[in-house]
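**Student:** As input, take model37.tsv (TSV, C-alpha atoms):
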chain	number	residue	atom	x	y	z
A	1	MET	CA	105.84	60.77	90.07
A	2	THR	CA	105.64	57.02	90.30
A	3	SER	CA	105.78	55.88	86.68
A	4	GLY	CA	108.79	57.92	85.58
A	5	TYR	CA	106.71	59.90	83.10
A	6	ASN	CA	108.18	63.37	82.79
A	7	ASP	CA	105.48	65.91	82.01
A	8	PRO	CA	106.63	69.54	81.61
A	9	THR	CA	103.24	70.93	82.63
A	10	PRO	CA	102.26	70.69	86.30
A	11	GLU	CA	99.28	68.58	87.26
A	12	GLU	CA	97.53	71.59	88.85
A	13	GLU	CA	96.63	72.98	85.40
A	14	TYR	CA	94.18	70.16	84.73
A	15	THR	CA	90.60	70.39	85.96
A	16	HIS	CA	90.35	66.68	85.23
A	17	SER	CA	92.99	63.99	84.99
A	18	PRO	CA	94.89	64.08	81.66
A	19	PHE	CA	94.59	61.25	79.17
A	20	ILE	CA	98.03	59.90	80.04
A	21	ARG	CA	98.11	60.00	83.80
A	22	LYS	CA	101.29	59.92	85.84
A	23	GLN	CA	99.96	57.04	87.92
A	24	GLY	CA	98.58	53.92	86.33
A	25	ASN	CA	99.41	54.74	82.74
A	26	ILE	CA	97.15	52.62	80.53
A	27	TYR	CA	99.88	52.49	77.89
A	28	LYS	CA	102.25	50.82	80.36
A	29	PRO	CA	100.17	47.95	81.77
A	30	LYS	CA	103.14	46.43	83.66
A	31	ASN	CA	103.43	49.46	85.90
A	32	LYS	CA	104.04	47.83	89.29
A	33	GLU	CA	104.27	51.14	91.16
A	34	MET	CA	100.54	51.84	90.89
A	35	ASP	CA	98.81	51.46	94.23
A	36	ASN	CA	95.80	52.94	95.98
A	37	ASP	CA	97.92	55.45	97.93
A	38	SER	CA	99.29	57.05	94.75
A	39	PHE	CA	95.93	58.36	93.55
A	40	ASN	CA	96.06	62.09	94.27
A	41	GLU	CA	93.71	63.31	91.57
A	42	LYS	CA	92.21	66.72	91.97
A	43	THR	CA	88.57	66.67	93.03
A	44	LEU	CA	86.19	69.08	91.36
A	45	HIS	CA	84.20	71.37	93.63
A	46	ASP	CA	80.78	72.43	92.45
A	47	VAL	CA	80.32	76.20	92.61
A	48	HIS	CA	76.65	75.84	93.55
A	49	THR	CA	77.37	73.82	96.71
A	50	LYS	CA	80.07	76.01	98.24
A	51	GLU	CA	79.59	77.37	101.74
A	52	ILE	CA	78.35	80.94	102.02
A	53	ASP	CA	80.00	83.18	104.60
A	54	LEU	CA	77.30	84.71	106.80
A	55	VAL	CA	79.78	86.78	108.82
A	56	ASN	CA	81.84	88.50	106.10
A	57	ARG	CA	79.28	89.24	103.39
A	58	ASP	CA	81.57	91.53	101.38
A	59	PRO	CA	84.82	89.55	101.14
A	60	LYS	CA	86.03	91.50	98.08
A	61	HIS	CA	85.22	94.87	99.69
A	62	LEU	CA	82.96	96.07	96.87
A	63	ASN	CA	80.99	98.48	99.03
A	64	ASP	CA	83.59	99.81	101.47
A	65	GLU	CA	83.73	103.37	100.18
A	66	VAL	CA	80.31	103.64	98.55
A	67	VAL	CA	77.50	102.53	100.81
A	68	LYS	CA	78.93	102.81	104.32
A	69	VAL	CA	76.86	105.68	105.72
A	70	ASP	CA	76.74	106.25	109.43
A	71	PHE	CA	74.94	108.92	111.45
A	72	GLU	CA	78.14	110.97	111.76
A	73	ASP	CA	78.56	110.97	107.96
A	74	VAL	CA	75.13	112.56	107.42
A	75	ILE	CA	74.30	114.69	110.44
A	76	ALA	CA	76.84	116.78	112.37
A	77	GLU	CA	76.49	119.75	114.67
A	78	PRO	CA	79.31	122.28	114.65
A	79	ALA	CA	80.71	123.66	117.88
A	80	GLY	CA	78.40	126.25	119.48
A	81	THR	CA	75.17	124.97	117.90
A	82	TYR	CA	74.45	121.84	119.90
A	83	SER	CA	70.95	120.49	120.40
A	84	PHE	CA	69.78	118.87	123.64
A	85	ASP	CA	71.70	115.72	124.50
A	86	GLY	CA	68.49	113.68	124.62
A	87	VAL	CA	67.47	114.90	121.15
A	88	TRP	CA	70.93	114.06	119.79
A	89	LYS	CA	70.83	110.54	121.27
A	90	ALA	CA	67.24	109.97	120.06
A	91	SER	CA	68.17	111.22	116.58
A	92	PHE	CA	71.14	108.84	116.47
A	93	THR	CA	69.01	105.89	117.59
A	94	THR	CA	66.19	106.77	115.19
A	95	PHE	CA	68.55	107.12	112.23
A	96	THR	CA	70.43	103.90	112.98
A	97	VAL	CA	67.36	101.73	113.67
A	98	THR	CA	65.40	103.14	110.72
A	99	LYS	CA	68.29	102.55	108.33
A	100	TYR	CA	68.77	99.00	109.69
A	101	TRP	CA	65.13	97.90	109.49
A	102	CYS	CA	64.37	99.68	106.22
A	103	TYR	CA	67.33	97.94	104.59
A	104	ARG	CA	66.22	94.58	105.98
A	105	LEU	CA	62.63	95.11	104.82
A	106	LEU	CA	63.73	96.18	101.32
A	107	THR	CA	66.06	93.19	100.97
A	108	ALA	CA	63.30	90.85	102.13
A	109	LEU	CA	60.83	92.28	99.60
A	110	VAL	CA	63.05	93.11	96.64
A	111	GLY	CA	66.29	91.18	97.24
A	112	ILE	CA	65.26	87.80	95.83
A	113	PRO	CA	63.54	89.20	92.70
A	114	LEU	CA	66.58	91.41	92.02
A	115	ALA	CA	68.91	88.44	92.57
A	116	LEU	CA	66.85	86.58	89.96
A	117	VAL	CA	67.06	89.52	87.54
A	118	TRP	CA	70.83	89.93	88.02
A	119	GLY	CA	71.37	86.17	87.71
A	120	ILE	CA	69.49	86.15	84.38
A	121	PHE	CA	71.35	89.29	83.22
A	122	PHE	CA	74.81	87.87	83.94
A	123	ALA	CA	73.83	84.49	82.46
A	124	ILE	CA	72.81	86.25	79.22
A	125	LEU	CA	75.96	88.38	79.31
A	126	SER	CA	78.13	85.28	79.77
A	127	PHE	CA	76.26	83.46	77.00
A	128	ILE	CA	76.71	86.37	74.57
A	129	HIS	CA	80.39	86.70	75.45
A	130	ILE	CA	81.11	82.98	75.08
A	131	TRP	CA	79.00	82.25	72.01
A	132	ALA	CA	79.12	85.57	70.10
A	133	VAL	CA	81.85	88.01	71.16
A	134	VAL	CA	84.82	85.65	71.41
A	135	PRO	CA	84.07	83.87	68.07
A	136	CYS	CA	83.59	87.25	66.33
A	137	VAL	CA	86.87	88.58	67.70
A	138	LYS	CA	88.67	85.37	66.70
A	139	SER	CA	87.16	85.58	63.20
A	140	TYR	CA	88.21	89.22	62.92
A	141	LEU	CA	91.77	88.39	64.00
A	142	ILE	CA	92.00	85.62	61.40
A	143	GLU	CA	90.70	87.92	58.66
A	144	ILE	CA	92.88	90.87	59.66
A	145	HIS	CA	95.94	88.60	59.69
A	146	CYS	CA	95.53	88.12	55.93
A	147	VAL	CA	95.25	91.90	55.43
A	148	SER	CA	98.31	92.50	57.61
A	149	ARG	CA	100.36	90.08	55.51
A	150	VAL	CA	99.40	91.91	52.29
A	151	TYR	CA	100.13	95.28	53.94
A	152	SER	CA	103.51	94.03	55.17
A	153	ILE	CA	104.44	92.81	51.68
A	154	CYS	CA	103.46	96.18	50.17
A	155	VAL	CA	105.50	98.14	52.73
A	156	HIS	CA	108.56	95.94	52.25
A	157	THR	CA	108.22	96.09	48.46
A	158	PHE	CA	107.61	99.80	47.95
A	159	CYS	CA	108.62	101.74	51.07
A	160	ASP	CA	111.78	99.93	52.16
A	161	PRO	CA	113.72	100.64	48.90
A	162	LEU	CA	112.53	104.25	48.89
A	163	PHE	CA	113.63	104.93	52.46
A	164	GLU	CA	116.88	103.04	51.92
A	165	ALA	CA	117.66	105.20	48.86
A	166	MET	CA	116.78	108.37	50.75
A	167	GLY	CA	119.01	107.28	53.62
A	168	LYS	CA	121.95	106.77	51.24
A	169	CYS	CA	121.35	110.16	49.62
A	170	PHE	CA	121.35	112.01	52.93
A	171	SER	CA	124.06	109.92	54.61
A	172	SER	CA	126.83	112.24	53.40
A	173	VAL	CA	125.16	115.40	54.70
A	174	ARG	CA	127.05	116.80	57.69
A	175	ILE	CA	125.67	119.56	59.87
A	176	SER	CA	127.80	121.56	62.21
A	177	THR	CA	126.53	124.20	64.58
A	178	THR	CA	128.52	126.96	66.19
A	179	LYS	CA	127.40	129.16	68.99
A	180	VAL	CA	128.27	132.82	68.61
A	181	VAL	CA	128.48	134.71	71.84
Taking this structure as input, can you express it in the form of structure tokens?

**Tutor:**
Amino acid sequence: MTSGYNDPTPEEEYTHSPFIRKQGNIYKPKNKEMDNDSFNEKTLHDVHTKEIDLVNRDPKHLNDEVVKVDFEDVIAEPAGTYSFDGVWKASFTTFTVTKYWCYRLLTALVGIPLALVWGIFFAILSFIHIWAVVPCVKSYLIEIHCVSRVYSICVHTFCDPLFEAMGKCFSSVRISTTKVV
């Protein structure tokens, strides 16, 4: 900090610089400590221009257990019922190459239209959540707060004295148990 301004919140919480910045405070024009080297404002990165990883295409491991299907997971010959080695190798190659090229062909034909559909779907879902769900929940919480205050007053007015009186009535009751052998 160069200006001596003591802010309890760290600067990392801001996606943009706060109104009263730590460097070059506009309300302290005689701040002599402001120089070009002290500007360390956070730069915003656009989500649409980020680099895409072409090597690791599942960085969050969404499909590790679900879609990984190899030849050994589908076709297996138990001991004593083996086919010819050439047939086994050709079956492995056929399965692997067919799965590879069929997947590539399907993604080339259907991948971009499905990406468009899913992009529209999640945009609509985000829009509904931001502009409808959250305001409705907030409205409900405000309205239910009023009801909870009335309910709390009723409980404290009617139930508390009743239970307090019952507690005083039964406070002198003593129970003793004996075990007969």

**Student:** One decimal, Å: what's the distance from atom CA of Phe158 of chain A over to atom CA of Val173 of chain A, could you say?

**Tutor:** 24.4 Å

**Student:** What is the atom CA of Thr98 of chain A to atom CA of Val74 of chain A distance in Å?

**Tutor:**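 Atom CA of Thr98 of chain A sits 13.9 Å away from atom CA of Val74 of chain A.
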
**Student:** Could you tell me how far atom CA of Thr96 of chain A lies from atom CA of Tyr82 of chain A, in Å and to one decimal?

**Tutor:** 19.6 Å

**Student:** Nearest to Val97 of chain A among A:Asp70, A:Asp85, A:Phe127, A:Val180, with distances taken over all atoms listed in the file: which residue is it?

**Tutor:**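 Counting all atoms listed in the file, the residue closest to Val97 of chain A is A:Asp70.
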
**Student:** So that all listed atoms of segment 113-130 of chain A fit with 8 Å spare on each side, what axis-aligned box centre and edge lengths in Å, to one decimal, would you give as lines of an AutoDock Vina configuration file?

**Tutor:**
center_x = 72.3
center_y = 87.2
center_z = 83.6
size_x = 33.6
size_y = 24.4
size_z = 34.1

**Student:** Can you spit out segment 115-139 of chain A with N, CA, C and O atoms, as a short mmCIF file (atom, residue, chain, number, x, y, z; two decimals), in the first residue's frame, from the structure just given?

**Tutor:**
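Writing done, so here's decode08.cif:
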data_model
loop_
_atom_site.label_atom_id
_atom_site.label_comp_id
_atom_site.auth_asym_id
_atom_site.auth_seq_id
_atom_site.Cartn_x
_atom_site.Cartn_y
_atom_site.Cartn_z
N ALA A 115 -23.65 -28.43 -30.07
CA ALA A 115 -23.00 -27.37 -29.28
C ALA A 115 -23.86 -26.11 -29.32
O ALA A 115 -24.02 -25.42 -28.29
N LEU A 116 -24.45 -25.81 -30.47
CA LEU A 116 -25.36 -24.67 -30.58
C LEU A 116 -26.59 -24.87 -29.71
O LEU A 116 -26.99 -23.97 -28.96
N VAL A 117 -27.17 -26.05 -29.76
CA VAL A 117 -28.37 -26.34 -28.95
C VAL A 117 -28.05 -26.24 -27.46
O VAL A 117 -28.79 -25.61 -26.69
N TRP A 118 -26.93 -26.86 -27.03
CA TRP A 118 -26.58 -26.80 -25.61
C TRP A 118 -26.21 -25.39 -25.18
O TRP A 118 -26.48 -24.99 -24.04
N GLY A 119 -25.56 -24.63 -26.06
CA GLY A 119 -25.25 -23.23 -25.73
C GLY A 119 -26.52 -22.42 -25.51
O GLY A 119 -26.64 -21.65 -24.55
N ILE A 120 -27.51 -22.60 -26.40
CA ILE A 120 -28.80 -21.90 -26.25
C ILE A 120 -29.50 -22.37 -24.98
O ILE A 120 -30.03 -21.55 -24.21
N PHE A 121 -29.49 -23.69 -24.72
CA PHE A 121 -30.15 -24.23 -23.53
C PHE A 121 -29.57 -23.63 -22.26
O PHE A 121 -30.30 -23.17 -21.38
N PHE A 122 -28.23 -23.64 -22.13
CA PHE A 122 -27.63 -23.12 -20.90
C PHE A 122 -27.72 -21.60 -20.81
O PHE A 122 -27.76 -21.05 -19.71
N ALA A 123 -27.80 -20.92 -21.95
CA ALA A 123 -28.04 -19.47 -21.91
C ALA A 123 -29.43 -19.19 -21.37
O ALA A 123 -29.62 -18.30 -20.53
N ILE A 124 -30.43 -19.94 -21.85
CA ILE A 124 -31.81 -19.78 -21.35
C ILE A 124 -31.89 -20.14 -19.87
O ILE A 124 -32.53 -19.44 -19.07
N LEU A 125 -31.23 -21.24 -19.49
CA LEU A 125 -31.22 -21.65 -18.09
C LEU A 125 -30.59 -20.58 -17.20
O LEU A 125 -31.13 -20.26 -16.13
N SER A 126 -29.47 -20.02 -17.64
CA SER A 126 -28.83 -18.95 -16.87
C SER A 126 -29.73 -17.73 -16.79
O SER A 126 -29.86 -17.10 -15.73
N PHE A 127 -30.35 -17.37 -17.90
CA PHE A 127 -31.24 -16.22 -17.93
C PHE A 127 -32.40 -16.40 -16.95
O PHE A 127 -32.72 -15.51 -16.17
N ILE A 128 -33.02 -17.59 -16.98
CA ILE A 128 -34.16 -17.85 -16.08
C ILE A 128 -33.70 -17.82 -14.63
O ILE A 128 -34.38 -17.26 -13.77
N HIS A 129 -32.54 -18.39 -14.36
CA HIS A 129 -32.04 -18.41 -12.98
C HIS A 129 -31.75 -16.99 -12.48
O HIS A 129 -32.13 -16.63 -11.37
N ILE A 130 -31.09 -16.19 -13.32
CA ILE A 130 -30.71 -14.84 -12.91
C ILE A 130 -31.91 -13.91 -12.81
O ILE A 130 -32.05 -13.15 -11.86
N TRP A 131 -32.80 -13.97 -13.79
CA TRP A 131 -33.88 -12.98 -13.87
C TRP A 131 -35.21 -13.46 -13.29
O TRP A 131 -36.13 -12.66 -13.16
N ALA A 132 -35.36 -14.74 -12.96
CA ALA A 132 -36.63 -15.22 -12.43
C ALA A 132 -36.48 -15.95 -11.10
O ALA A 132 -37.14 -15.61 -10.13
N VAL A 133 -35.61 -16.95 -11.05
CA VAL A 133 -35.52 -17.79 -9.85
C VAL A 133 -34.99 -17.01 -8.65
O VAL A 133 -35.62 -17.01 -7.58
N VAL A 134 -33.85 -16.36 -8.81
CA VAL A 134 -33.25 -15.65 -7.68
C VAL A 134 -34.16 -14.53 -7.17
O VAL A 134 -34.37 -14.42 -5.96
N PRO A 135 -34.77 -13.69 -8.04
CA PRO A 135 -35.70 -12.68 -7.51
C PRO A 135 -36.91 -13.30 -6.81
O PRO A 135 -37.37 -12.77 -5.79
N CYS A 136 -37.44 -14.41 -7.33
CA CYS A 136 -38.58 -15.06 -6.68
C CYS A 136 -38.20 -15.59 -5.30
O CYS A 136 -38.96 -15.44 -4.33
N VAL A 137 -37.04 -16.22 -5.21
CA VAL A 137 -36.58 -16.73 -3.91
C VAL A 137 -36.36 -15.59 -2.94
O VAL A 137 -36.75 -15.66 -1.76
N LYS A 138 -35.75 -14.51 -3.40
CA LYS A 138 -35.52 -13.34 -2.53
C LYS A 138 -36.85 -12.75 -2.07
O LYS A 138 -37.01 -12.41 -0.90
N SER A 139 -37.82 -12.64 -2.96
CA SER A 139 -39.14 -12.14 -2.61
C SER A 139 -39.80 -13.05 -1.58
O SER A 139 -40.39 -12.58 -0.60
#
